[in-house]
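*Asks:* Here it is, the structure, as structure tokens.
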Amino acid sequence: MTEAPLKATIIPVTPLQQNCTLLWCTATSRAAVIDPGGDLPKIEAAIAQAGVTVEKILVTHGHADHCGEAGTLAKRLGVPIEGPHEADRYWLARLEDDCRKWGLRGEAFEPDRWLDDGEQVTVGDLTLDVYLCPGHTPGHVVFHHPPSRLAVVGDVIFQGSVGRTDFPMSDPDALIEAIVTKLWPLGDDTVFLPGHGGVSSFGRERAHNPFVGDAALAGR
């Protein structure tokens, strides 16, 4: 049986139980850490257990629980940071203040590469498509690996819910538009790893999500 080209494991970090993801290419054992918000010893233990070599850090958006320790981990590993979109520069500029406010560890950083809609990132031999999905934050991006039918969606959508839109620069209409126009077309059988909570699929959320499911949006 052929091994799957991609493997991923979720590492809940910070008191906010943010889903940091370790994602790797099975052909090369090259990996990316997505959204290292904190608890670096936990993340480093997962890297060691998987037996992979991290080549970059990917960030979905600029909230502290997702990227508070991205800069610290990048320095430790000597790797670049890619993402989010530059519209989240506002959040990265206030990262240290937000970490203090939430009782998190963190330090300011600027990514080595800002990402835009339609671009791609690589992890080993894998190529992931980048989708700009604003609403929760203006520069939120989603990573999708079409052959694996897998997406890492940060705080855009959750099992049974969607990202909060009561933050500065949030936009509830933009969030719904991003989900419907960017994520639903990826297919009902696409599984997604959210920023908090359990794994789900776009088909399951279209059927049951009370905020963006087909039935909920039919009444808009």
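Ordering of the structure tokens sets the chain letters (A, B, ...); residue numbers start at 1 within each chain; ligands are numbered from 1 in the order shown.
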Tell me, as an MDAnalysis selection string, which residues lie within 12 Å of segment 89-101 of chain A, counting only C-alpha atoms; anything in the same chain fewer than 3 positions away does not count.
*Replies:* chainID A and resid 14:16 37:38 59:71 83:86 104:111 114:115 136:140 167:170
*Asks:* Taking N, CA and C atoms for each residue, export the selection above as a CSV table (one decimal), in the first residue's frame.
*Replies:*
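So again-v4.csv came out as:
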```
chain,number,residue,atom,x,y,z
A,14,THR,N,-1.1,26.6,24.3
A,14,THR,CA,-1.5,27.8,25.0
A,14,THR,C,-2.8,27.5,25.8
A,15,PRO,N,-3.1,28.3,26.8
A,15,PRO,CA,-4.3,28.1,27.6
A,15,PRO,C,-5.6,28.2,26.7
A,16,LEU,N,-5.5,28.8,25.5
A,16,LEU,CA,-6.6,28.9,24.6
A,16,LEU,C,-6.8,27.6,23.8
A,37,GLY,N,1.7,29.0,18.4
A,37,GLY,CA,1.3,30.1,19.3
A,37,GLY,C,2.0,30.1,20.6
A,38,GLY,N,2.5,28.9,21.0
A,38,GLY,CA,3.2,28.8,22.3
A,38,GLY,C,3.5,27.4,22.7
A,59,VAL,N,2.0,30.6,9.0
A,59,VAL,CA,1.1,31.3,9.9
A,59,VAL,C,-0.2,31.7,9.2
A,60,THR,N,-1.3,31.3,9.7
A,60,THR,CA,-2.6,31.6,9.1
A,60,THR,C,-3.0,33.1,9.3
A,61,HIS,N,-2.8,33.6,10.6
A,61,HIS,CA,-3.2,35.0,10.9
A,61,HIS,C,-2.4,35.5,12.1
A,62,GLY,N,-2.6,36.7,12.4
A,62,GLY,CA,-1.8,37.4,13.3
A,62,GLY,C,-2.2,37.4,14.8
A,63,HIS,N,-3.2,36.6,15.2
A,63,HIS,CA,-3.6,36.6,16.6
A,63,HIS,C,-2.6,35.9,17.4
A,64,ALA,N,-2.4,36.4,18.7
A,64,ALA,CA,-1.3,35.9,19.5
A,64,ALA,C,-1.3,34.4,19.8
A,65,ASP,N,-2.5,33.8,19.9
A,65,ASP,CA,-2.5,32.4,20.3
A,65,ASP,C,-2.1,31.5,19.1
A,66,HIS,N,-2.0,32.1,17.9
A,66,HIS,CA,-1.6,31.4,16.7
A,66,HIS,C,-0.2,31.6,16.3
A,67,CYS,N,0.4,32.8,16.7
A,67,CYS,CA,1.7,33.1,16.2
A,67,CYS,C,2.6,33.8,17.3
A,68,GLY,N,2.2,33.7,18.5
A,68,GLY,CA,3.0,34.4,19.6
A,68,GLY,C,4.4,34.0,19.6
A,69,GLU,N,4.7,32.7,19.4
A,69,GLU,CA,6.1,32.2,19.5
A,69,GLU,C,6.6,31.8,18.2
A,70,ALA,N,6.0,32.2,17.1
A,70,ALA,CA,6.5,31.9,15.7
A,70,ALA,C,7.9,32.4,15.6
A,71,GLY,N,8.2,33.7,16.0
A,71,GLY,CA,9.5,34.3,15.8
A,71,GLY,C,10.5,33.5,16.6
A,83,GLY,N,3.7,33.8,5.7
A,83,GLY,CA,2.3,34.1,6.1
A,83,GLY,C,2.3,34.9,7.4
A,84,PRO,N,1.2,35.6,7.6
A,84,PRO,CA,-0.1,35.6,6.8
A,84,PRO,C,0.0,36.6,5.7
A,85,HIS,N,-1.1,37.1,5.2
A,85,HIS,CA,-1.2,38.2,4.3
A,85,HIS,C,-0.8,39.5,5.0
A,86,GLU,N,-0.3,40.4,4.2
A,86,GLU,CA,0.2,41.6,4.8
A,86,GLU,C,-0.9,42.5,5.5
A,104,LEU,N,0.2,35.1,27.5
A,104,LEU,CA,1.0,34.2,26.6
A,104,LEU,C,2.4,34.7,26.5
A,105,ARG,N,3.3,33.8,26.1
A,105,ARG,CA,4.6,34.2,25.8
A,105,ARG,C,4.7,34.6,24.3
A,106,GLY,N,5.5,35.5,24.0
A,106,GLY,CA,5.6,35.9,22.6
A,106,GLY,C,6.6,37.0,22.3
A,107,GLU,N,7.0,37.2,21.1
A,107,GLU,CA,7.8,38.3,20.7
A,107,GLU,C,7.5,38.7,19.3
A,108,ALA,N,7.7,40.0,19.0
A,108,ALA,CA,7.4,40.5,17.7
A,108,ALA,C,8.2,39.9,16.6
A,109,PHE,N,7.6,39.7,15.4
A,109,PHE,CA,8.4,39.2,14.2
A,109,PHE,C,7.7,39.8,13.0
A,110,GLU,N,8.5,39.7,11.9
A,110,GLU,CA,7.9,40.0,10.6
A,110,GLU,C,8.2,38.8,9.7
A,111,PRO,N,7.2,38.2,9.0
A,111,PRO,CA,7.5,37.0,8.2
A,111,PRO,C,8.5,37.3,7.1
A,114,TRP,N,5.3,37.4,3.0
A,114,TRP,CA,3.8,37.6,3.1
A,114,TRP,C,3.2,36.8,2.0
A,115,LEU,N,2.0,36.3,2.3
A,115,LEU,CA,1.3,35.5,1.3
A,115,LEU,C,0.1,36.2,0.8
A,136,HIS,N,-12.3,37.1,9.9
A,136,HIS,CA,-11.9,37.0,11.3
A,136,HIS,C,-10.7,38.0,11.6
A,137,THR,N,-9.8,38.0,10.7
A,137,THR,CA,-8.8,39.1,10.5
A,137,THR,C,-8.7,39.4,9.0
A,138,PRO,N,-8.2,40.6,8.7
A,138,PRO,CA,-8.2,41.0,7.3
A,138,PRO,C,-7.2,40.2,6.4
A,139,GLY,N,-6.1,39.6,7.1
A,139,GLY,CA,-5.1,39.0,6.3
A,139,GLY,C,-5.0,37.5,6.6
A,140,HIS,N,-6.1,36.9,7.0
A,140,HIS,CA,-6.2,35.4,7.3
A,140,HIS,C,-6.0,34.6,6.0
A,167,PHE,N,-13.5,41.5,16.7
A,167,PHE,CA,-12.2,42.1,16.9
A,167,PHE,C,-12.1,43.3,16.0
A,168,PRO,N,-11.1,44.2,16.3
A,168,PRO,CA,-10.8,45.3,15.4
A,168,PRO,C,-10.5,44.7,14.0
A,169,MET,N,-11.1,45.3,13.0
A,169,MET,CA,-10.8,45.0,11.6
A,169,MET,C,-11.5,43.6,11.2
A,170,SER,N,-12.4,43.1,12.0
A,170,SER,CA,-13.1,41.9,11.6
A,170,SER,C,-14.3,42.3,10.7
```
*Asks:* Find the residues around Gln159 of chain A up to 10 Å (only C-alpha atoms counted), leave out those fewer than 5 positions away in its own chain, and share them as a VMD selection string.
*Replies:* chain A and resid 192 to 194 196 to 202 204 to 205 208 to 209
*Asks:* Determine, counting only C-alpha atoms, which protein, DNA and RNA residues have an atom within 8 Å of an atom of Tyr131 of chain A; residues of the same chain fewer than 3 positions away are not included. Present the result as a PyMOL selection string.
*Replies:* chain A and resi 116-119+141-144+182
*Asks:* Restricting the calculation to only C-alpha atoms: of A:Ala74, A:Ile11, A:Val156, A:Cys25, which residue gets closest to Asp125 of chain A?
*Replies:*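 Nearest to Asp125 of chain A: A:Cys25.
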*Asks:* If you count only C-alpha atoms, which residues fall within 10 Å of segment 6-9 of chain A, apart from same-chain ones fewer than 2 positions away, as a PDB file with N, CA and C atoms, in the first residue's frame?
*Replies:*
```
ATOM      1  N   GLU A   3       2.200   4.881   0.738  1.00  0.00           N
ATOM      2  CA  GLU A   3       2.043   5.790   1.869  1.00  0.00           C
ATOM      3  C   GLU A   3       1.451   7.113   1.404  1.00  0.00           C
ATOM      4  N   ALA A   4       0.588   7.700   2.220  1.00  0.00           N
ATOM      5  CA  ALA A   4       0.010   9.000   1.886  1.00  0.00           C
ATOM      6  C   ALA A   4       1.122  10.038   1.745  1.00  0.00           C
ATOM      7  N   ILE A  11      -1.275  19.738  17.613  1.00  0.00           N
ATOM      8  CA  ILE A  11      -0.658  19.926  18.930  1.00  0.00           C
ATOM      9  C   ILE A  11      -1.381  21.084  19.618  1.00  0.00           C
ATOM     10  N   PRO A  12      -2.306  20.818  20.530  1.00  0.00           N
ATOM     11  CA  PRO A  12      -2.993  21.921  21.217  1.00  0.00           C
ATOM     12  C   PRO A  12      -2.005  22.688  22.099  1.00  0.00           C
ATOM     13  N   ASN A  19      -4.944  24.964  18.030  1.00  0.00           N
ATOM     14  CA  ASN A  19      -4.445  23.791  17.313  1.00  0.00           C
ATOM     15  C   ASN A  19      -3.235  24.146  16.446  1.00  0.00           C
ATOM     16  N   CYS A  20      -2.060  24.054  17.006  1.00  0.00           N
ATOM     17  CA  CYS A  20      -0.848  24.112  16.197  1.00  0.00           C
ATOM     18  C   CYS A  20      -0.779  22.811  15.396  1.00  0.00           C
ATOM     19  N   THR A  21      -0.356  22.894  14.138  1.00  0.00           N
ATOM     20  CA  THR A  21      -0.290  21.706  13.288  1.00  0.00           C
ATOM     21  C   THR A  21       1.133  21.468  12.814  1.00  0.00           C
ATOM     22  N   LEU A  22       1.604  20.240  12.974  1.00  0.00           N
ATOM     23  CA  LEU A  22       2.842  19.796  12.362  1.00  0.00           C
ATOM     24  C   LEU A  22       2.452  19.005  11.120  1.00  0.00           C
ATOM     25  N   LEU A  23       2.871  19.500   9.963  1.00  0.00           N
ATOM     26  CA  LEU A  23       2.489  18.903   8.677  1.00  0.00           C
ATOM     27  C   LEU A  23       3.755  18.530   7.927  1.00  0.00           C
ATOM     28  N   TRP A  24       3.809  17.316   7.373  1.00  0.00           N
ATOM     29  CA  TRP A  24       5.040  16.936   6.709  1.00  0.00           C
ATOM     30  C   TRP A  24       4.801  16.095   5.461  1.00  0.00           C
ATOM     31  N   CYS A  25       5.827  16.151   4.613  1.00  0.00           N
ATOM     32  CA  CYS A  25       5.898  15.376   3.378  1.00  0.00           C
ATOM     33  C   CYS A  25       6.511  14.022   3.703  1.00  0.00           C
ATOM     34  N   THR A  26       5.781  12.934   3.440  1.00  0.00           N
ATOM     35  CA  THR A  26       6.271  11.610   3.822  1.00  0.00           C
ATOM     36  C   THR A  26       7.438  11.161   2.933  1.00  0.00           C
ATOM     37  N   ALA A  27       7.516  11.704   1.718  1.00  0.00           N
ATOM     38  CA  ALA A  27       8.596  11.304   0.809  1.00  0.00           C
ATOM     39  C   ALA A  27       9.949  11.853   1.240  1.00  0.00           C
ATOM     40  N   SER A  29      10.362  13.669   4.526  1.00  0.00           N
ATOM     41  CA  SER A  29      10.388  13.939   5.976  1.00  0.00           C
ATOM     42  C   SER A  29      10.687  15.404   6.272  1.00  0.00           C
ATOM     43  N   ALA A  31       9.135  19.170   6.958  1.00  0.00           N
ATOM     44  CA  ALA A  31       7.904  19.548   7.642  1.00  0.00           C
ATOM     45  C   ALA A  31       7.752  21.053   7.757  1.00  0.00           C
ATOM     46  N   ALA A  32       6.513  21.458   8.059  1.00  0.00           N
ATOM     47  CA  ALA A  32       6.209  22.839   8.428  1.00  0.00           C
ATOM     48  C   ALA A  32       5.433  22.820   9.734  1.00  0.00           C
ATOM     49  N   VAL A  33       5.709  23.797  10.581  1.00  0.00           N
ATOM     50  CA  VAL A  33       4.905  24.019  11.783  1.00  0.00           C
ATOM     51  C   VAL A  33       3.946  25.158  11.454  1.00  0.00           C
ATOM     52  N   ALA A  46       6.839  16.988  19.646  1.00  0.00           N
ATOM     53  CA  ALA A  46       6.078  16.397  18.536  1.00  0.00           C
ATOM     54  C   ALA A  46       6.943  16.272  17.288  1.00  0.00           C
ATOM     55  N   ILE A  47       7.800  17.263  17.052  1.00  0.00           N
ATOM     56  CA  ILE A  47       8.721  17.205  15.907  1.00  0.00           C
ATOM     57  C   ILE A  47       9.670  16.014  16.067  1.00  0.00           C
ATOM     58  N   ALA A  50       7.885  12.664  15.539  1.00  0.00           N
ATOM     59  CA  ALA A  50       7.583  12.391  14.132  1.00  0.00           C
ATOM     60  C   ALA A  50       8.844  12.078  13.339  1.00  0.00           C
ATOM     61  N   VAL A 123       6.245  22.321   1.028  1.00  0.00           N
ATOM     62  CA  VAL A 123       6.770  21.615   2.197  1.00  0.00           C
ATOM     63  C   VAL A 123       7.330  20.300   1.666  1.00  0.00           C
ATOM     64  N   GLY A 124       8.651  20.181   1.620  1.00  0.00           N
ATOM     65  CA  GLY A 124       9.229  19.021   0.966  1.00  0.00           C
ATOM     66  C   GLY A 124       8.784  18.996  -0.489  1.00  0.00           C
ATOM     67  N   ASP A 125       8.224  17.858  -0.920  1.00  0.00           N
ATOM     68  CA  ASP A 125       7.708  17.731  -2.283  1.00  0.00           C
ATOM     69  C   ASP A 125       6.252  18.157  -2.403  1.00  0.00           C
ATOM     70  N   LEU A 126       5.637  18.565  -1.307  1.00  0.00           N
ATOM     71  CA  LEU A 126       4.226  18.968  -1.314  1.00  0.00           C
ATOM     72  C   LEU A 126       4.088  20.418  -1.779  1.00  0.00           C
ATOM     73  N   HIS A 145      -4.106  21.313   0.472  1.00  0.00           N
ATOM     74  CA  HIS A 145      -3.354  20.347  -0.329  1.00  0.00           C
ATOM     75  C   HIS A 145      -4.364  19.513  -1.122  1.00  0.00           C
ATOM     76  N   PRO A 147      -4.322  17.070  -3.459  1.00  0.00           N
ATOM     77  CA  PRO A 147      -4.287  15.603  -3.550  1.00  0.00           C
ATOM     78  C   PRO A 147      -4.724  14.894  -2.269  1.00  0.00           C
ATOM     79  N   SER A 148      -4.513  15.531  -1.127  1.00  0.00           N
ATOM     80  CA  SER A 148      -4.879  14.920   0.159  1.00  0.00           C
ATOM     81  C   SER A 148      -6.288  15.298   0.604  1.00  0.00           C
ATOM     82  N   LEU A 150      -7.172  18.011   2.013  1.00  0.00           N
ATOM     83  CA  LEU A 150      -6.948  18.504   3.372  1.00  0.00           C
ATOM     84  C   LEU A 150      -6.690  19.998   3.350  1.00  0.00           C
ATOM     85  N   VAL A 152      -5.934  23.442   6.086  1.00  0.00           N
ATOM     86  CA  VAL A 152      -5.658  23.990   7.420  1.00  0.00           C
ATOM     87  C   VAL A 152      -6.244  25.392   7.412  1.00  0.00           C
ATOM     88  N   LEU A 193      -8.547  21.085   9.237  1.00  0.00           N
ATOM     89  CA  LEU A 193      -8.005  21.190  10.586  1.00  0.00           C
ATOM     90  C   LEU A 193      -8.214  22.633  11.034  1.00  0.00           C
TER      91      LEU A 193
END
```
*Asks:* List every residue of segment 18-213 of chain A that DSSP, applied to the backbone of this structure, assigns to strand (DSSP E or B), and report them as number ranges by chain.
*Replies:* A: 18-25, 30-34, 53-58, 81-82, 113, 120-123, 126-132, 141-145, 150-154, 157-158, 161-162, 191-194, 200-201
*Asks:* Tell me, in Å to one decimal, how far atom CA of Leu40 of chain A is from atom CA of Ala151 of chain A.
*Replies:*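 That distance, rounded to one decimal, is 23.2 Å.
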*Asks:* One decimal, Å: what's the distance from atom CA of Leu128 of chain A over to atom CA of Lys56 of chain A, could you say?
*Replies:*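 Computing it gives 13.2 Å between the two atoms.
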*Asks:* Once DSSP has gone over the backbone, tell me which residues of segment 25-149 of chain A are in alpha helix (DSSP H), as number ranges by chain.
*Replies:* A: 40-50, 64-67, 70-77, 89-93, 95-102
*Asks:* Take atom CA of Gly195 of chain A and atom CA of Gln18 of chain A and report the distance between them in Å, one decimal.
*Replies:*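 Those two atoms sit 5.6 Å apart.
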